[in-house]
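First comes the structure, then the notes that go with it.
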Amino acid sequence: MKIAILGGDGFCGWPASLHLSDLGHDVVIVDNLSRRRIDEELGAESLTPIASIEERLQAWQEVSGKTIGFRNIDVAQDYGGLRDFIVEFAPDAVVHFAEQRAAPYSMKNPRTKRYTIDNNVNATHNLLVAIVESCLDVHVVHLGTMGVYGYGTAGMKIPEGYLDIKVETDEGNVLEQQILYPTNPGSVYHLTKVLDQNIFAYYAKNDELRITDLHQGIIWGTHTPQTERDERLINRFDYDGDYGTVLNRFLMQAAIGYPLTVHGTGGQTRAFIHIRDMAKCIEIALNNPPARGERVMIINQMTETHRVRDLAELVAKISGASVERVPNPRNEADENELFVSNDTFLSLGLEPTKLAEGLLQEVEEVAERYAHRVDRAKIPARSLWTKKQAEGVPTGEK
Ligand code: NAD
Ligand code: USQ
């Protein structure tokens with residue numbers, strides 16, 4: 001297949017690109033390197049020393065004999081560039097990772113809120129318009145999030161996108177239909193994924209685009225079999241208070257002797273998936289596209305759920321780290337249950353890589369190896385969700 005990977009320089013996009021190239025697909029990465037610029041803006045680099053995109057691609061060529069193309073296009077701002085690329089490359093599929101993905105960054109200040117909405121919504125919409133304009137039949141595989149639903153429970157597993165409902169009409173008849181499962185986003189970032197969902201539904205209906213929306217849980221781990229093949233192929237490992245995600249942060253904190261930062265009571269339950277399974281899921285999704293004219297295929301891309309304090313206790317047990325409960329900077333429920341249906345990927349052959357001590361230790365070892373690169377001042381999460389939390393102090397940001 002000819003596959004364009006939007007956001008292929010990122011934490012998920014890079015290992016997914018290598019995985020698909022390794023399988024023999026013709027892969028081109030499209031990325032504007034904005035994530036690397038945000039590293040500079042925050043003064044917080046990846047824990048692992050990631051090579052430049054040029055060096056990464058050169059290294060992949062050397063170790064695998066395969067070529068991955070690269071185009072520096074801002075898919076949110078440069079519509080013409082994106083459309084011309086789609087027409088010229090004529091991909092069978094586009095995997096869309098190219099969004100600002102950190103909830104804390106999206107809540108930092110007025111500028112980052114507006115950037116996250118502008119970037120994410122425009123990136124998604126531009127892609128769909130470009131495909132329609134190209135008149136090509138391209139399967140879009142988008143990375144969405146479990147967080148569109150707000151981690152609540154309605155006494156049932158969160159289904160894969162759609163909810164069967166019965167309503168009584170004004171005439172007193174009972175009408176049965178399926179609707180998108182109700183959303184309840186918990187950050188501006190998660191809100192963009194809710195908006196994406198509606199954009200997808202519209203273009204699947206109006207233009208019969210073939211779209212798969214993967215509602216992914218929190219990724220943990222860092223290596224995949226391909227990124228391990230050469231130091232220059234190493235994947236990004238975010239640990240800072242904005243981009244670091246919870247389990248990788250705990251493993252990094254354990255590695256450097258920093259108390260594990262549990263927000264609030266740690267009763268938050270979240271969905272997780274290992275980075276290797278993420279790449280496998282993308283492969284499976286690409287091999288199982290919806291038909292033209294079908295509604296958006298929504299698949300829950302997660303393999304297990306865990307409570308934050310249980311993860312902290314597990315990491316503390318295997319590493320001897322201490323656990324510290326810090327005031328929660330977010331506006332989120334202290335405690336929640338989470339039950340998620342993930343039947344589609346299991347039925348299509350995914351064999352989940354479940355949380356195991358060995359794998360946790362592997363990530364901790366990566367963190368230990370690069371511990372000298374940690375800036376401890378960047379570890380605390382300082383992005384506050386509400387003005388109330390900031391005691392009404394205006395940010396002064398334009
Ligand atoms: P990332 O920030 O590491 O990667 C995103 C990439 O997209 C970066 O390389 C960035 O430069 C690029 N990008 C952003 N805006 C762009 C634009 N306008 N034009 C071109 N390139 C652009 O993020 P990630 O962790 O790899 O996440 C990828 C996707 O997966 C995101 O959409 C995210 O919402 C989703 N996701 C991630 C996780 C996770 O735990 N990391 C979990 C669930 C879903
Ligand atoms: N948390 C802590 N301590 C920390 C960091 C986080 O207790 O040091 C808590 C948070 O308060 C939250 C939970 O852990 O309750 C998860 O936070 P996170 O930063 O690991 O994950 P989240 O903000 O939800 O975002 C991440 C990705 C995002 C993706 C989402 C999937 O950054 O791109 O969409 O996971 S999901 O959570 O399923 O919505």
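Identifiers in this document derive from the order of the structure tokens: chains are assigned A, B, ..., residues are numbered from 1 separately in each chain, and ligands are numbered from 1 in order of occurrence.
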Return as an MDAnalysis selection string every polymer residue, whether protein, DNA or RNA, with at least one atom no more than 6 Å from an atom of ligand 1; count only C-alpha atoms and all ligand atoms.
chainID A and resid 7:13 31:35 73:76 97:101 119 123 143:145 216:219
I need the chosen residues saved as an mmCIF file, in the first residue's frame, with C-alpha atoms.
```cif
data_model
loop_
_atom_site.group_PDB
_atom_site.id
_atom_site.type_symbol
_atom_site.label_atom_id
_atom_site.label_comp_id
_atom_site.auth_asym_id
_atom_site.auth_seq_id
_atom_site.Cartn_x
_atom_site.Cartn_y
_atom_site.Cartn_z
ATOM 1 C CA GLY A 7 2.544 13.437 12.115
ATOM 2 C CA GLY A 8 5.052 10.666 11.356
ATOM 3 C CA ASP A 9 7.853 12.372 13.316
ATOM 4 C CA GLY A 10 5.942 12.055 16.610
ATOM 5 C CA PHE A 11 5.843 9.570 19.469
ATOM 6 C CA CYS A 12 3.248 7.312 17.795
ATOM 7 C CA GLY A 13 3.813 8.310 14.164
ATOM 8 C CA ASP A 31 5.125 16.550 9.409
ATOM 9 C CA ASN A 32 5.774 20.235 10.076
ATOM 10 C CA LEU A 33 8.048 19.381 13.052
ATOM 11 C CA SER A 34 5.861 21.535 15.309
ATOM 12 C CA ARG A 35 6.306 19.091 18.190
ATOM 13 C CA ILE A 73 3.935 20.457 5.306
ATOM 14 C CA ASP A 74 1.779 22.185 7.901
ATOM 15 C CA VAL A 75 -1.443 20.316 7.224
ATOM 16 C CA ALA A 76 -3.462 22.821 9.273
ATOM 17 C CA PHE A 97 -1.537 11.602 13.798
ATOM 18 C CA ALA A 98 -0.864 15.306 13.093
ATOM 19 C CA GLU A 99 -2.498 17.051 16.040
ATOM 20 C CA GLN A 100 -1.428 18.802 19.249
ATOM 21 C CA ARG A 101 -2.010 15.946 21.633
ATOM 22 C CA ASN A 119 -4.346 23.215 14.538
ATOM 23 C CA ALA A 123 -5.643 19.607 10.106
ATOM 24 C CA LEU A 143 -5.999 8.690 15.921
ATOM 25 C CA GLY A 144 -8.734 9.790 18.257
ATOM 26 C CA THR A 145 -8.943 9.292 21.992
ATOM 27 C CA GLN A 216 -6.952 5.262 21.650
ATOM 28 C CA GLY A 217 -6.081 5.017 25.332
ATOM 29 C CA ILE A 218 -2.873 6.265 26.976
ATOM 30 C CA ILE A 219 0.242 4.864 25.337
#
```
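For region 226-233 of chain A, the list of residues within 9 Å, based on only C-alpha atoms and with local chain neighbours fewer than 4 positions off taken out, reads Trp14, Pro15, Leu18, His19, Asp22, Pro49, Ile50, Ala51, Ser52, Glu55, Arg56, Leu57, Ala59, Trp60, Val63 and Thr222 of chain A.
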Kindly export the residues of the current selection with C-alpha atoms, as an mmCIF file, in the first residue's frame.
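Writing done, so here's out-v4.cif:
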```
data_model
loop_
_atom_site.group_PDB
_atom_site.id
_atom_site.type_symbol
_atom_site.label_atom_id
_atom_site.label_comp_id
_atom_site.auth_asym_id
_atom_site.auth_seq_id
_atom_site.Cartn_x
_atom_site.Cartn_y
_atom_site.Cartn_z
ATOM 1 C CA TRP A 14 7.509 7.432 14.062
ATOM 2 C CA PRO A 15 7.250 3.814 15.280
ATOM 3 C CA LEU A 18 8.822 2.174 10.704
ATOM 4 C CA HIS A 19 6.448 -0.722 11.371
ATOM 5 C CA ASP A 22 9.139 -2.832 7.594
ATOM 6 C CA PRO A 49 17.953 11.901 22.375
ATOM 7 C CA ILE A 50 15.889 11.815 19.171
ATOM 8 C CA ALA A 51 17.786 12.313 15.934
ATOM 9 C CA SER A 52 16.719 14.859 13.315
ATOM 10 C CA GLU A 55 19.132 11.390 10.258
ATOM 11 C CA ARG A 56 16.280 9.084 11.286
ATOM 12 C CA LEU A 57 15.325 8.398 7.673
ATOM 13 C CA ALA A 59 19.450 5.417 9.512
ATOM 14 C CA TRP A 60 16.315 3.487 8.496
ATOM 15 C CA VAL A 63 19.490 -0.725 8.584
ATOM 16 C CA THR A 222 8.875 3.641 24.138
#
```
Could you pull out the residues sitting within 8 Å of ligand 2, using only C-alpha atoms and all ligand atoms, and write them as a PyMOL selection string?
chain A and resi 100-104+144-148+150-151+189-190+215-219+241-247+249-250+260-264+266+268-272+308-309+328-330+332+379-381
Could you give me the residues within region 116-313 of chain A that DSSP places in strand (DSSP E or B), as a ChimeraX atom specification?
/A:139-145,158,162-168,174-180,210-216,218-220,260-263,267,269-274,297-301,304-307
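Proximity of A:Ser106, A:Asp240, A:Gly186, A:Glu357 to Asp118 (chain A), computed with only C-alpha atoms, is greatest for A:Ser106.
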DSSP on the backbone, then: every residue of region 153-398 of chain A marked helix (DSSP H, G or I), written as a ChimeraX atom specification.
/A:188-206,227-229,231-233,246-256,275-287,308-319,343-347,357-369,371-373,376-378
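Considering the residues A:Leu195, A:Ala44, A:Leu6, A:Leu286 and counting only C-alpha atoms, Asp92 (chain A) has its shortest atom-to-atom contact with A:Leu286.
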Exercise: Asn288 (chain A) partners within 10 Å, only C-alpha atoms, chain neighbours under 3 positions left out, as a compact mmCIF listing (two decimals) with all heavy atoms, in the first residue's frame:
```
# COMPACT_ATOMS: atom_id res chain seq x y z
N HIS A 139 -8.36 5.76 2.09
CA HIS A 139 -8.84 5.38 3.42
C HIS A 139 -8.12 6.23 4.47
O HIS A 139 -6.89 6.23 4.53
CB HIS A 139 -8.55 3.88 3.65
CG HIS A 139 -8.91 3.37 5.00
ND1 HIS A 139 -8.29 2.29 5.58
CD2 HIS A 139 -9.84 3.78 5.90
CE1 HIS A 139 -8.81 2.05 6.77
NE2 HIS A 139 -9.75 2.95 6.99
N THR A 212 -11.69 5.55 9.31
CA THR A 212 -11.63 4.78 10.55
C THR A 212 -11.12 5.70 11.64
O THR A 212 -10.08 6.35 11.47
CB THR A 212 -10.65 3.58 10.40
OG1 THR A 212 -11.09 2.76 9.32
CG2 THR A 212 -10.59 2.75 11.68
N ILE A 282 -2.69 -0.10 14.03
CA ILE A 282 -2.73 0.71 12.80
C ILE A 282 -2.68 -0.23 11.59
O ILE A 282 -3.44 -0.08 10.62
CB ILE A 282 -1.52 1.69 12.74
CG1 ILE A 282 -1.49 2.62 13.95
CG2 ILE A 282 -1.51 2.49 11.42
CD1 ILE A 282 -2.56 3.65 14.01
N GLU A 283 -1.79 -1.22 11.66
CA GLU A 283 -1.69 -2.21 10.56
C GLU A 283 -3.04 -2.90 10.35
O GLU A 283 -3.53 -3.01 9.22
CB GLU A 283 -0.61 -3.24 10.93
CG GLU A 283 -0.49 -4.38 9.96
CD GLU A 283 0.31 -5.57 10.54
OE1 GLU A 283 1.12 -5.38 11.46
OE2 GLU A 283 0.06 -6.70 10.07
N ILE A 284 -3.66 -3.35 11.45
CA ILE A 284 -4.95 -4.06 11.34
C ILE A 284 -6.02 -3.13 10.76
O ILE A 284 -6.79 -3.53 9.89
CB ILE A 284 -5.38 -4.60 12.72
CG1 ILE A 284 -4.40 -5.68 13.21
CG2 ILE A 284 -6.80 -5.16 12.66
CD1 ILE A 284 -4.67 -6.17 14.65
N ALA A 285 -6.04 -1.88 11.24
CA ALA A 285 -7.05 -0.94 10.75
C ALA A 285 -6.88 -0.69 9.25
O ALA A 285 -7.86 -0.62 8.50
CB ALA A 285 -6.97 0.37 11.52
N ALA A 291 -16.26 0.14 3.85
CA ALA A 291 -16.59 0.30 2.42
C ALA A 291 -17.01 1.73 2.15
O ALA A 291 -17.40 2.46 3.07
CB ALA A 291 -17.73 -0.65 2.05
N MET A 297 -16.00 4.03 10.72
CA MET A 297 -15.72 2.87 11.57
C MET A 297 -14.98 3.37 12.82
O MET A 297 -13.90 3.96 12.70
CB MET A 297 -14.86 1.86 10.81
CG MET A 297 -14.62 0.58 11.60
SD MET A 297 -13.46 -0.52 10.79
CE MET A 297 -14.46 -1.13 9.45
N LEU A 348 -9.99 -9.13 15.36
CA LEU A 348 -9.17 -9.04 14.15
C LEU A 348 -7.73 -9.51 14.40
O LEU A 348 -6.86 -9.31 13.56
CB LEU A 348 -9.17 -7.60 13.62
CG LEU A 348 -10.53 -7.13 13.05
CD1 LEU A 348 -10.49 -5.63 12.74
CD2 LEU A 348 -10.90 -7.91 11.79
```
Would you kindly return, as a ChimeraX atom specification, each protein, DNA or RNA residue with an atom no farther than 9 Å from any atom of region 316-321 of chain A, considering only C-alpha atoms and excluding same-chain residues fewer than 2 positions away?
/A:250-251,253-255,257-260,311-314,323,357,360-361,364
Can I get the selected residues back with N, CA and C atoms, as a CSV table (one decimal), in the first residue's frame?
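So out-v8.csv came out as:
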```
chain,number,residue,atom,x,y,z
A,250,PHE,N,5.8,7.9,35.7
A,250,PHE,CA,6.1,7.2,36.9
A,250,PHE,C,7.4,6.4,36.7
A,251,LEU,N,7.5,5.8,35.6
A,251,LEU,CA,8.7,4.9,35.4
A,251,LEU,C,10.0,5.8,35.3
A,253,GLN,N,10.2,8.8,36.8
A,253,GLN,CA,10.4,9.3,38.1
A,253,GLN,C,11.1,8.2,39.0
A,254,ALA,N,10.7,7.0,38.9
A,254,ALA,CA,11.3,5.9,39.6
A,254,ALA,C,12.8,5.8,39.3
A,255,ALA,N,13.1,5.9,38.0
A,255,ALA,CA,14.5,5.8,37.6
A,255,ALA,C,15.4,6.8,38.1
A,257,GLY,N,14.7,8.6,41.1
A,257,GLY,CA,14.5,8.8,42.5
A,257,GLY,C,13.7,10.0,42.8
A,258,TYR,N,12.7,10.3,42.0
A,258,TYR,CA,11.8,11.4,42.2
A,258,TYR,C,10.4,10.8,42.7
A,259,PRO,N,9.8,11.3,43.7
A,259,PRO,CA,8.6,10.7,44.2
A,259,PRO,C,7.5,10.7,43.1
A,260,LEU,N,6.8,9.6,43.0
A,260,LEU,CA,5.8,9.4,41.9
A,260,LEU,C,4.6,10.4,42.1
A,311,LEU,N,-1.3,2.0,39.6
A,311,LEU,CA,0.0,2.0,38.8
A,311,LEU,C,1.1,2.6,39.6
A,312,ALA,N,0.9,3.6,40.4
A,312,ALA,CA,2.0,4.2,41.2
A,312,ALA,C,2.4,3.1,42.2
A,313,GLU,N,1.5,2.4,42.8
A,313,GLU,CA,1.9,1.4,43.8
A,313,GLU,C,2.7,0.3,43.1
A,314,LEU,N,2.3,-0.1,41.9
A,314,LEU,CA,3.0,-1.2,41.2
A,314,LEU,C,4.4,-0.7,40.8
A,323,VAL,N,5.8,7.3,46.8
A,323,VAL,CA,4.6,7.9,46.1
A,323,VAL,C,4.2,9.2,46.8
A,357,GLU,N,5.6,-6.9,34.8
A,357,GLU,CA,6.8,-6.3,35.5
A,357,GLU,C,8.0,-6.2,34.6
A,360,LEU,N,7.6,-3.2,32.3
A,360,LEU,CA,7.8,-2.0,33.1
A,360,LEU,C,9.2,-1.7,33.4
A,361,GLN,N,9.9,-2.8,33.7
A,361,GLN,CA,11.4,-2.6,34.0
A,361,GLN,C,12.1,-2.2,32.8
A,364,GLU,N,11.7,1.4,32.5
A,364,GLU,CA,12.5,2.1,33.6
A,364,GLU,C,14.0,2.1,33.2
```
Non-local contacts of Ala204 (chain A) (9 Å; only C-alpha atoms; under 2 positions in same chain excluded) as a VMD selection string:
chain A and resid 199 to 202 206 to 211 292 to 296
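If you count only C-alpha atoms and ignore residues fewer than 4 places along the chain from Lys354 (chain A), what sits within 9 Å of it is A:Ile273, A:His274, A:Thr303, A:Glu304, A:Leu359.
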Give the answer as one residue: which of A:Asn109, A:Asn173, A:Ser134, A:Asn184 has the shortest atom-to-atom distance to Arg382 (chain A), using only C-alpha atoms?
A:Asn109
Which neighbours of Phe339 (chain A) fall inside 7 Å, counting only C-alpha atoms, when residues of the same chain fewer than 3 positions from it are skipped, and could you give them as number ranges by chain?
A: 153, 157-158
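Between CA of Asn287 (chain A) and CA of Met1 (chain A) there is a distance of 9.7 Å.
One finds CA of Tyr203 (chain A) at 17.0 Å from CA of Tyr162 (chain A).
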Pick from A:Thr344, A:Asn336, A:Thr112, A:Gln197, whichever lies nearest to Arg307 (chain A) using only C-alpha atoms
A:Asn336
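Distances here use only C-alpha atoms; by that measure, the residue among A:Asp170, A:Asp310, A:Glu160, A:Asp39 closest to Asp213 (chain A) is A:Glu160.
In this model, the gap between CA of Phe89 (chain A) and CA of Leu127 (chain A) comes to 13.9 Å.
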